[in-house]
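Quick notes on the structure that follows.
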Amino acid sequence: MRAIAKAQPNIALIKYWGKRDSGRNLPAVGSISITLAELFTEMSVKLDESLDSDQLIVNGNADERLLPRVQRCLDDVLGNRRKAARVVSQSNFPIAAGLASSASAFSALVVASAAAGGQNRTTAELASLAGQASGSAARSLYEGFVELENCDDHISVKSIRPVDEWPLSVVIAITTTSAKAISSGDAMEISRQTSPFYSRWVEQQSVDLNAARSAIAARDFEQLALIAEHNCLKMHSVMWASRPPIIYWNTATLDCMQVVRELRSQGVAVFFTIDAGPQLKAVCLPEDESRVQDALAATAGVCNTMISGLGAGATLVASE
Ligand code: 2P0
């Protein structure tokens with residue numbers, strides 16, 4: 001009746017932005033991501049009939065704001081006649097600040113709650129349930145390079161290259177630890193309804209997915225760099241052209257982009273990507289990670305840096 005799961009966030013190289021079915025949280029586009037190794041969320045779920053109601057503790061504090069979303073996810077996994085749950089989540093990185101904390105949190109939540117309920121679900125089922133809670137969470141069930149495909153009425157997720165076949169490093173430049181002003185779910189909806197670029201974004205995504213898939217298959221860093229930066233800037237262009245505009249960057253985000261481009265012009269294999277927040281993620285070869293980290297740490301406005309390799313999908317740590 002109690003289980004603990006651990007999951008890592010993932011960083012999209014070809015991004016998910018927009019939903020085709022908000023009720024079932026189905027994405028409008030496919031995406032390709034890398035699952036990280038060193039950042040993680042550990043989630044404990046205890047089903048306990050002596051509890052009056054569900055409880056959620058995030059990093060040591062009761063979290064009433066996130067509770068309804070967690071309850072919906074528990075209902076999806078266990079059914080709404082389930083016992084009350086005590087859910088305790090601990091992450092080793094800032095949450096709700098564009099570091100994909102919902103991906104690690106909800107993928108860990110589905111794994112832990114299914115195990116606490118004595119269920120034996122396939123990874124594909126768990127990914128689908130995680131995706132209902134948070135689109136990007138479906139990818140954190142899988143290791144290394146992961147593709148989420150949009151099928152007729154469901155998603156299909158798989159690892160397209162395991163970690164050991166192409167180890168890369170990710171250097172994260174944290175430019176603020178405050179929570180973002182607008183959730184990505186709300187921002188996606190504003191983009192869908194108001195951005196003149198949204199329909200083109202959706203139409204063109206398969207071209208970017210094909211290019212990234214080929215680059216990953218060939219381990220062609222330069223091609224992956226070009227398509228990932230293009231796709232990231234295109235997603236942010238969709239947001240900037242929305243009404244009201246959605247601008248997640250700060251000046252340090254822009255300075256970090258310049259630093260990465262400068263390093264690349266000096267021959268360092270590195271590219272950037274930025275999600276729904278002001279943090280910049282620089283993807284590079286492991287031998288260059290210290291150089292990239294030093295350059296980003298020395299950039300004005302960067303308050304912290306973190307390094308991660310690529311890692312495994314969500315795992316069950318304990319169940320009793
Ligand atoms: C991604 N993002 O592919 C994109 C890039 C942010 C920018 O998926 O509404 O928290 O819960 O399905 O998964 C962040 O959105 O959104 C995200 P919901 P989620 O990683």
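Convention: chains lettered A, B, ... in structure tokens order; per-chain residue numbering from 1; ligands numbered from 1 as shown.
Pocket residues of ligand 1, taken as those with any atom at most 7 Å away using only C-alpha atoms and all ligand atoms, are Ile11, Ala12, Ile14, Lys15, Tyr16, Trp17, Asn25, Ser31, Ala100, Ser102, Ala103, Gly131, Ala133, Ser134, Gly135, Ser136, Ala137, Ser184, Gly185, Asp275 and Ala276 of chain A.
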Using all heavy atoms, can you write the selected residues to a file as a short mmCIF file (atom, residue, chain, number, x, y, z; two decimals), in the first residue's frame?
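Final output, saved to out-v9.cif:
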```
data_model
loop_
_atom_site.label_atom_id
_atom_site.label_comp_id
_atom_site.auth_asym_id
_atom_site.auth_seq_id
_atom_site.Cartn_x
_atom_site.Cartn_y
_atom_site.Cartn_z
N ILE A 11 14.48 16.84 -21.21
CA ILE A 11 14.59 18.12 -21.92
C ILE A 11 14.24 17.84 -23.37
O ILE A 11 14.88 16.99 -24.01
CB ILE A 11 16.05 18.65 -21.86
CG1 ILE A 11 16.56 18.75 -20.42
CG2 ILE A 11 16.18 19.98 -22.61
CD1 ILE A 11 15.88 19.78 -19.57
N ALA A 12 13.24 18.55 -23.89
CA ALA A 12 12.85 18.32 -25.29
C ALA A 12 13.82 19.01 -26.23
O ALA A 12 14.16 20.19 -26.04
CB ALA A 12 11.43 18.82 -25.52
N ILE A 14 13.14 18.55 -29.67
CA ILE A 14 12.05 18.94 -30.58
C ILE A 14 10.83 19.02 -29.66
O ILE A 14 10.44 18.02 -29.05
CB ILE A 14 11.85 17.90 -31.71
CG1 ILE A 14 13.17 17.70 -32.50
CG2 ILE A 14 10.71 18.31 -32.65
CD1 ILE A 14 13.70 18.93 -33.21
N LYS A 15 10.26 20.21 -29.57
CA LYS A 15 9.39 20.53 -28.43
C LYS A 15 7.91 20.18 -28.65
O LYS A 15 7.40 20.25 -29.77
CB LYS A 15 9.42 22.04 -28.16
CG LYS A 15 10.81 22.66 -28.08
CD LYS A 15 11.46 22.39 -26.78
CE LYS A 15 12.72 23.22 -26.58
NZ LYS A 15 13.45 22.76 -25.38
N TYR A 16 7.28 19.91 -27.53
CA TYR A 16 5.81 19.81 -27.46
C TYR A 16 5.29 21.19 -27.09
O TYR A 16 5.67 21.75 -26.07
CB TYR A 16 5.48 18.76 -26.41
CG TYR A 16 4.20 18.92 -25.61
CD1 TYR A 16 2.96 19.14 -26.22
CD2 TYR A 16 4.24 18.79 -24.22
CE1 TYR A 16 1.81 19.25 -25.44
CE2 TYR A 16 3.09 18.89 -23.45
CZ TYR A 16 1.88 19.13 -24.07
OH TYR A 16 0.75 19.23 -23.30
N TRP A 17 4.47 21.76 -27.92
CA TRP A 17 3.82 23.03 -27.57
C TRP A 17 2.44 23.06 -28.21
O TRP A 17 2.33 23.14 -29.43
CB TRP A 17 4.67 24.24 -28.02
CG TRP A 17 4.20 25.51 -27.35
CD1 TRP A 17 3.52 26.54 -27.91
CD2 TRP A 17 4.39 25.86 -25.97
NE1 TRP A 17 3.25 27.51 -26.98
CE2 TRP A 17 3.78 27.12 -25.77
CE3 TRP A 17 4.99 25.23 -24.88
CZ2 TRP A 17 3.77 27.75 -24.52
CZ3 TRP A 17 4.98 25.86 -23.65
CH2 TRP A 17 4.38 27.11 -23.49
N ASN A 25 -5.64 15.71 -22.64
CA ASN A 25 -4.27 16.22 -22.66
C ASN A 25 -3.42 15.57 -23.75
O ASN A 25 -2.29 15.15 -23.52
CB ASN A 25 -3.60 16.05 -21.28
CG ASN A 25 -2.48 17.06 -21.09
OD1 ASN A 25 -2.61 18.22 -21.51
ND2 ASN A 25 -1.38 16.66 -20.50
N SER A 31 7.20 14.90 -30.25
CA SER A 31 8.37 15.55 -29.66
C SER A 31 9.49 14.53 -29.46
O SER A 31 9.25 13.32 -29.46
CB SER A 31 8.00 16.21 -28.32
OG SER A 31 7.38 15.28 -27.46
N ALA A 100 11.32 21.33 -16.13
CA ALA A 100 10.57 20.09 -16.38
C ALA A 100 10.28 19.31 -15.11
O ALA A 100 10.31 18.08 -15.11
CB ALA A 100 11.30 19.22 -17.40
N SER A 102 7.42 18.99 -13.72
CA SER A 102 6.18 18.23 -13.80
C SER A 102 6.43 16.90 -14.52
O SER A 102 5.74 15.92 -14.25
CB SER A 102 5.04 19.02 -14.46
OG SER A 102 5.33 19.29 -15.79
N ALA A 103 7.41 16.86 -15.41
CA ALA A 103 7.71 15.60 -16.10
C ALA A 103 8.22 14.56 -15.11
O ALA A 103 7.74 13.42 -15.07
CB ALA A 103 8.74 15.83 -17.20
N GLY A 131 1.18 11.01 -19.36
CA GLY A 131 0.91 12.03 -20.37
C GLY A 131 -0.42 12.72 -20.16
O GLY A 131 -0.57 13.90 -20.47
N ALA A 133 -1.57 13.47 -17.32
CA ALA A 133 -1.35 14.44 -16.24
C ALA A 133 -0.47 15.59 -16.71
O ALA A 133 -0.70 16.75 -16.36
CB ALA A 133 -0.69 13.75 -15.06
N SER A 134 0.52 15.29 -17.52
CA SER A 134 1.44 16.32 -18.02
C SER A 134 2.11 15.75 -19.27
O SER A 134 2.76 14.70 -19.20
CB SER A 134 2.49 16.60 -16.92
OG SER A 134 3.35 17.61 -17.35
N GLY A 135 1.91 16.44 -20.39
CA GLY A 135 2.34 15.89 -21.68
C GLY A 135 3.79 15.42 -21.68
O GLY A 135 4.10 14.34 -22.18
N SER A 136 4.66 16.22 -21.11
CA SER A 136 6.09 15.89 -21.16
C SER A 136 6.43 14.72 -20.23
O SER A 136 7.47 14.07 -20.40
CB SER A 136 6.93 17.10 -20.78
OG SER A 136 6.53 17.58 -19.51
N ALA A 137 5.56 14.43 -19.26
CA ALA A 137 5.86 13.37 -18.28
C ALA A 137 5.90 12.00 -18.95
O ALA A 137 6.61 11.10 -18.48
CB ALA A 137 4.83 13.39 -17.16
N SER A 184 2.81 26.35 -18.34
CA SER A 184 2.94 26.04 -19.76
C SER A 184 1.60 25.62 -20.35
O SER A 184 1.32 25.95 -21.50
CB SER A 184 4.03 25.00 -20.02
OG SER A 184 4.13 24.09 -19.00
N GLY A 185 0.77 24.94 -19.56
CA GLY A 185 -0.55 24.54 -20.08
C GLY A 185 -1.37 25.75 -20.51
O GLY A 185 -1.95 25.78 -21.60
N ASP A 275 13.12 26.03 -22.41
CA ASP A 275 11.73 25.57 -22.32
C ASP A 275 10.84 26.69 -21.79
O ASP A 275 11.14 27.85 -21.99
CB ASP A 275 11.70 24.28 -21.50
CG ASP A 275 12.39 23.17 -22.27
OD1 ASP A 275 11.89 22.82 -23.34
OD2 ASP A 275 13.46 22.72 -21.84
N ALA A 276 9.77 26.32 -21.11
CA ALA A 276 8.83 27.34 -20.64
C ALA A 276 9.35 27.95 -19.34
O ALA A 276 8.77 27.79 -18.27
CB ALA A 276 7.46 26.70 -20.45
#
```
Pick out the residues sitting within 10 Å of Lys234 (chain A), and hand them over as a list of chain:residue names; count only C-alpha atoms, and ignore anything fewer than 3 positions along from it in its own chain.
A:Lys15, A:Phe197, A:Tyr198, A:Arg200, A:Trp201, A:Ala228, A:Glu229, A:His230, A:Asn231, A:Ser237, A:Val238, A:Met239, A:Trp240
Residues of region 56-197 of chain A classed as helix (DSSP H, G or I) by DSSP on the backbone are to be reported as a PyMOL selection string.
chain A and resi 67-78+101-116+123-133+135-141+163-165+184-194
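When only C-alpha atoms are used to compute distances to Leu13 (chain A), the closest of the residues A:Ser242, A:Thr305, A:Ser195, A:Gln223 turns out to be A:Gln223.
Minimum atom-to-atom distances from A:Arg192, A:Lys180, A:Arg219, A:Arg2 to Pro162 (chain A) were compared using only C-alpha atoms, and the lowest value belongs to A:Arg219.
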So that I can see what lies close to Leu26 (chain A), please list as JSON, numbers by chain the residues with an atom at most 9 Å from it, counting only C-alpha atoms and leaving out residues fewer than 6 positions away in the same chain.
{"A": [18, 19, 20, 131, 132, 135, 150, 153, 154, 155]}
For the residues selected in the previous step, produce a file with N, CA and C atoms as a PDB file, in the first residue's frame.
```
ATOM      1  N   GLY A  18       1.399  22.940 -27.423  1.00  0.00           N
ATOM      2  CA  GLY A  18       0.034  22.965 -27.944  1.00  0.00           C
ATOM      3  C   GLY A  18      -0.635  21.610 -27.756  1.00  0.00           C
ATOM      4  N   LYS A  19      -1.951  21.665 -27.554  1.00  0.00           N
ATOM      5  CA  LYS A  19      -2.713  20.433 -27.338  1.00  0.00           C
ATOM      6  C   LYS A  19      -3.770  20.309 -28.426  1.00  0.00           C
ATOM      7  N   ARG A  20      -4.026  19.056 -28.880  1.00  0.00           N
ATOM      8  CA  ARG A  20      -5.136  18.879 -29.835  1.00  0.00           C
ATOM      9  C   ARG A  20      -6.392  18.463 -29.100  1.00  0.00           C
ATOM     10  N   GLY A 131       1.182  11.007 -19.363  1.00  0.00           N
ATOM     11  CA  GLY A 131       0.912  12.026 -20.373  1.00  0.00           C
ATOM     12  C   GLY A 131      -0.421  12.722 -20.165  1.00  0.00           C
ATOM     13  N   GLN A 132      -1.401  11.990 -19.620  1.00  0.00           N
ATOM     14  CA  GLN A 132      -2.699  12.613 -19.310  1.00  0.00           C
ATOM     15  C   GLN A 132      -2.522  13.696 -18.241  1.00  0.00           C
ATOM     16  N   GLY A 135       1.910  16.439 -20.388  1.00  0.00           N
ATOM     17  CA  GLY A 135       2.338  15.890 -21.683  1.00  0.00           C
ATOM     18  C   GLY A 135       3.787  15.421 -21.685  1.00  0.00           C
ATOM     19  N   ASN A 150       2.504  11.148 -32.026  1.00  0.00           N
ATOM     20  CA  ASN A 150       1.077  11.374 -31.982  1.00  0.00           C
ATOM     21  C   ASN A 150       0.393  10.364 -32.873  1.00  0.00           C
ATOM     22  N   ASP A 153      -5.631   8.500 -31.767  1.00  0.00           N
ATOM     23  CA  ASP A 153      -6.327   8.949 -30.566  1.00  0.00           C
ATOM     24  C   ASP A 153      -5.510   8.671 -29.311  1.00  0.00           C
ATOM     25  N   HIS A 154      -4.226   8.472 -29.489  1.00  0.00           N
ATOM     26  CA  HIS A 154      -3.378   8.212 -28.319  1.00  0.00           C
ATOM     27  C   HIS A 154      -1.946   8.621 -28.638  1.00  0.00           C
ATOM     28  N   ILE A 155      -1.082   8.507 -27.638  1.00  0.00           N
ATOM     29  CA  ILE A 155       0.335   8.766 -27.879  1.00  0.00           C
ATOM     30  C   ILE A 155       1.091   7.439 -27.840  1.00  0.00           C
TER      31      ILE A 155
END
```
